[in-house]
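Visitor: What follows is a structure written as structure tokens; I'll ask about it next.
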Amino acid sequence: MIRPIVAALLLTTPALAQPRGRCTDHREAIAALTGKTEDEARAALATLPGVRNIRLLGPNDAATMDIREDRVTGILCDGRVVRVDCG
């Protein structure tokens, strides 16, 4: 009896019923951020569905090695994006 209720909630709750986007859905747009300033990159990434975590680091900053489908990781040098990828 509980299972149909849970299934109904999952199907009718908009946040859960929406397909989750992934960073990899936007590879071309993300690659085009190379050379942009940090502010330009953050603004562009904030508009991409499925990108929920933006991580922009300096060239020698420490970062975790876990892979997240909703995260974009970029490397900044002199205030500009020099490398950006999913994960």
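A note on labels: chains of the structure tokens are A, B, ... as shown, every chain counts residues from 1, and ligands are counted from 1 in their shown order.
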Skipping near chain neighbours, those fewer than 4 positions away, what residues fall within 8 Å of A:Ile75 using only C-alpha atoms, listed as a PyMOL selection string?
Guide: chain A and resi 56-59+81-84
Visitor: Next, the residues of the selection above should be written as a short mmCIF file (atom, residue, chain, number, x, y, z; two decimals), in the first residue's frame with C-alpha atoms.
Guide:
```cif
data_model
loop_
_atom_site.label_atom_id
_atom_site.label_comp_id
_atom_site.auth_asym_id
_atom_site.auth_seq_id
_atom_site.Cartn_x
_atom_site.Cartn_y
_atom_site.Cartn_z
CA LEU A 56 36.99 27.20 -10.55
CA LEU A 57 40.47 26.72 -9.13
CA GLY A 58 43.94 28.15 -9.45
CA PRO A 59 46.62 26.07 -11.19
CA VAL A 81 39.83 30.09 -17.71
CA VAL A 82 42.63 28.01 -19.21
CA ARG A 83 41.00 24.59 -18.87
CA VAL A 84 37.48 23.47 -18.09
#
```
Visitor: Enter the distance from atom CA of A:Pro49 to atom CA of A:Asp78, in Å, rounded to one decimal.
Guide: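 So the two atoms, atom CA of A:Pro49 and atom CA of A:Asp78, lie 28.0 Å apart.
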Visitor: Identify which of the residues A:Glu69, A:Arg22, A:Gly79, A:Gly87 lies closest to A:Arg55, counting only C-alpha atoms when measuring atom-to-atom distances.
Guide: A:Gly87
Visitor: Which residues come within 12 Å of A:Arg68, counting only C-alpha atoms, excluding same-chain residues fewer than 6 positions away, as JSON, numbers by chain?
Guide: {"A": [21, 22, 23, 24, 50, 51, 52, 53, 54, 55, 85, 86, 87]}
Visitor: Write out, as a PDB file, in the first residue's frame, the residues just selected, with C-alpha atoms.
Guide:
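Writing the result to selection.pdb gives the following:
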```
ATOM      1  CA  GLY A  21      20.779  17.056 -16.706  1.00  0.00           C
ATOM      2  CA  ARG A  22      24.468  16.361 -16.739  1.00  0.00           C
ATOM      3  CA  CYS A  23      27.521  18.440 -17.360  1.00  0.00           C
ATOM      4  CA  THR A  24      28.380  16.280 -20.369  1.00  0.00           C
ATOM      5  CA  GLY A  50      22.172  20.132 -14.955  1.00  0.00           C
ATOM      6  CA  VAL A  51      25.215  22.120 -13.846  1.00  0.00           C
ATOM      7  CA  ARG A  52      24.697  22.498 -10.112  1.00  0.00           C
ATOM      8  CA  ASN A  53      28.248  22.827  -8.888  1.00  0.00           C
ATOM      9  CA  ILE A  54      30.833  25.188 -10.356  1.00  0.00           C
ATOM     10  CA  ARG A  55      34.421  24.744  -9.198  1.00  0.00           C
ATOM     11  CA  ASP A  85      35.862  20.032 -17.976  1.00  0.00           C
ATOM     12  CA  CYS A  86      33.096  18.027 -16.387  1.00  0.00           C
ATOM     13  CA  GLY A  87      33.563  16.240 -13.102  1.00  0.00           C
TER      14      GLY A  87
END
```
Visitor: Atom CA of A:Glu40 to atom CA of A:Thr73: how many Å, to one decimal?
Guide: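 We find that atom CA of A:Glu40 and atom CA of A:Thr73 lie 14.6 Å from each other.
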Visitor: Would you please work out which residue, of A:Cys77, A:Arg42, A:Asn60, A:Asp66, is nearest to A:Ile30 when using only C-alpha atoms?
Guide: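 Looking only at the distances to A:Ile30, the closest residue turns out to be A:Arg42.
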Visitor: For the structure I just gave you, how does DSSP split stretch 11-63 of chain A - specifically, which residues are strand (DSSP E or B)? Reply as a PDB file with N, CA and C atoms, in the first residue's frame.
Guide:
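Contents of part-v8.pdb, freshly written:
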```pdb
ATOM      1  N   THR A  37      36.745  35.315 -18.543  1.00  0.00           N
ATOM      2  CA  THR A  37      37.075  35.675 -17.166  1.00  0.00           C
ATOM      3  C   THR A  37      36.281  34.783 -16.221  1.00  0.00           C
ATOM      4  N   ASN A  53      27.063  22.547  -9.689  1.00  0.00           N
ATOM      5  CA  ASN A  53      28.248  22.827  -8.888  1.00  0.00           C
ATOM      6  C   ASN A  53      29.336  23.350  -9.820  1.00  0.00           C
ATOM      7  N   ILE A  54      29.797  24.557  -9.543  1.00  0.00           N
ATOM      8  CA  ILE A  54      30.833  25.188 -10.356  1.00  0.00           C
ATOM      9  C   ILE A  54      32.085  25.313  -9.495  1.00  0.00           C
ATOM     10  N   ARG A  55      33.171  24.722  -9.965  1.00  0.00           N
ATOM     11  CA  ARG A  55      34.421  24.744  -9.198  1.00  0.00           C
ATOM     12  C   ARG A  55      35.513  25.317 -10.105  1.00  0.00           C
ATOM     13  N   LEU A  56      35.922  26.551  -9.809  1.00  0.00           N
ATOM     14  CA  LEU A  56      36.992  27.202 -10.549  1.00  0.00           C
ATOM     15  C   LEU A  56      38.173  27.364  -9.608  1.00  0.00           C
ATOM     16  N   LEU A  57      39.297  26.798  -9.999  1.00  0.00           N
ATOM     17  CA  LEU A  57      40.466  26.720  -9.128  1.00  0.00           C
ATOM     18  C   LEU A  57      41.682  27.355  -9.782  1.00  0.00           C
TER      19      LEU A  57
END
```
Visitor: Nearest to A:Leu48: which of A:Ala62, A:Ala29, A:Leu76, A:Ile67 is it, counting only C-alpha atoms?
Guide: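 Looking only at the distances to A:Leu48, the closest residue turns out to be A:Ala29.
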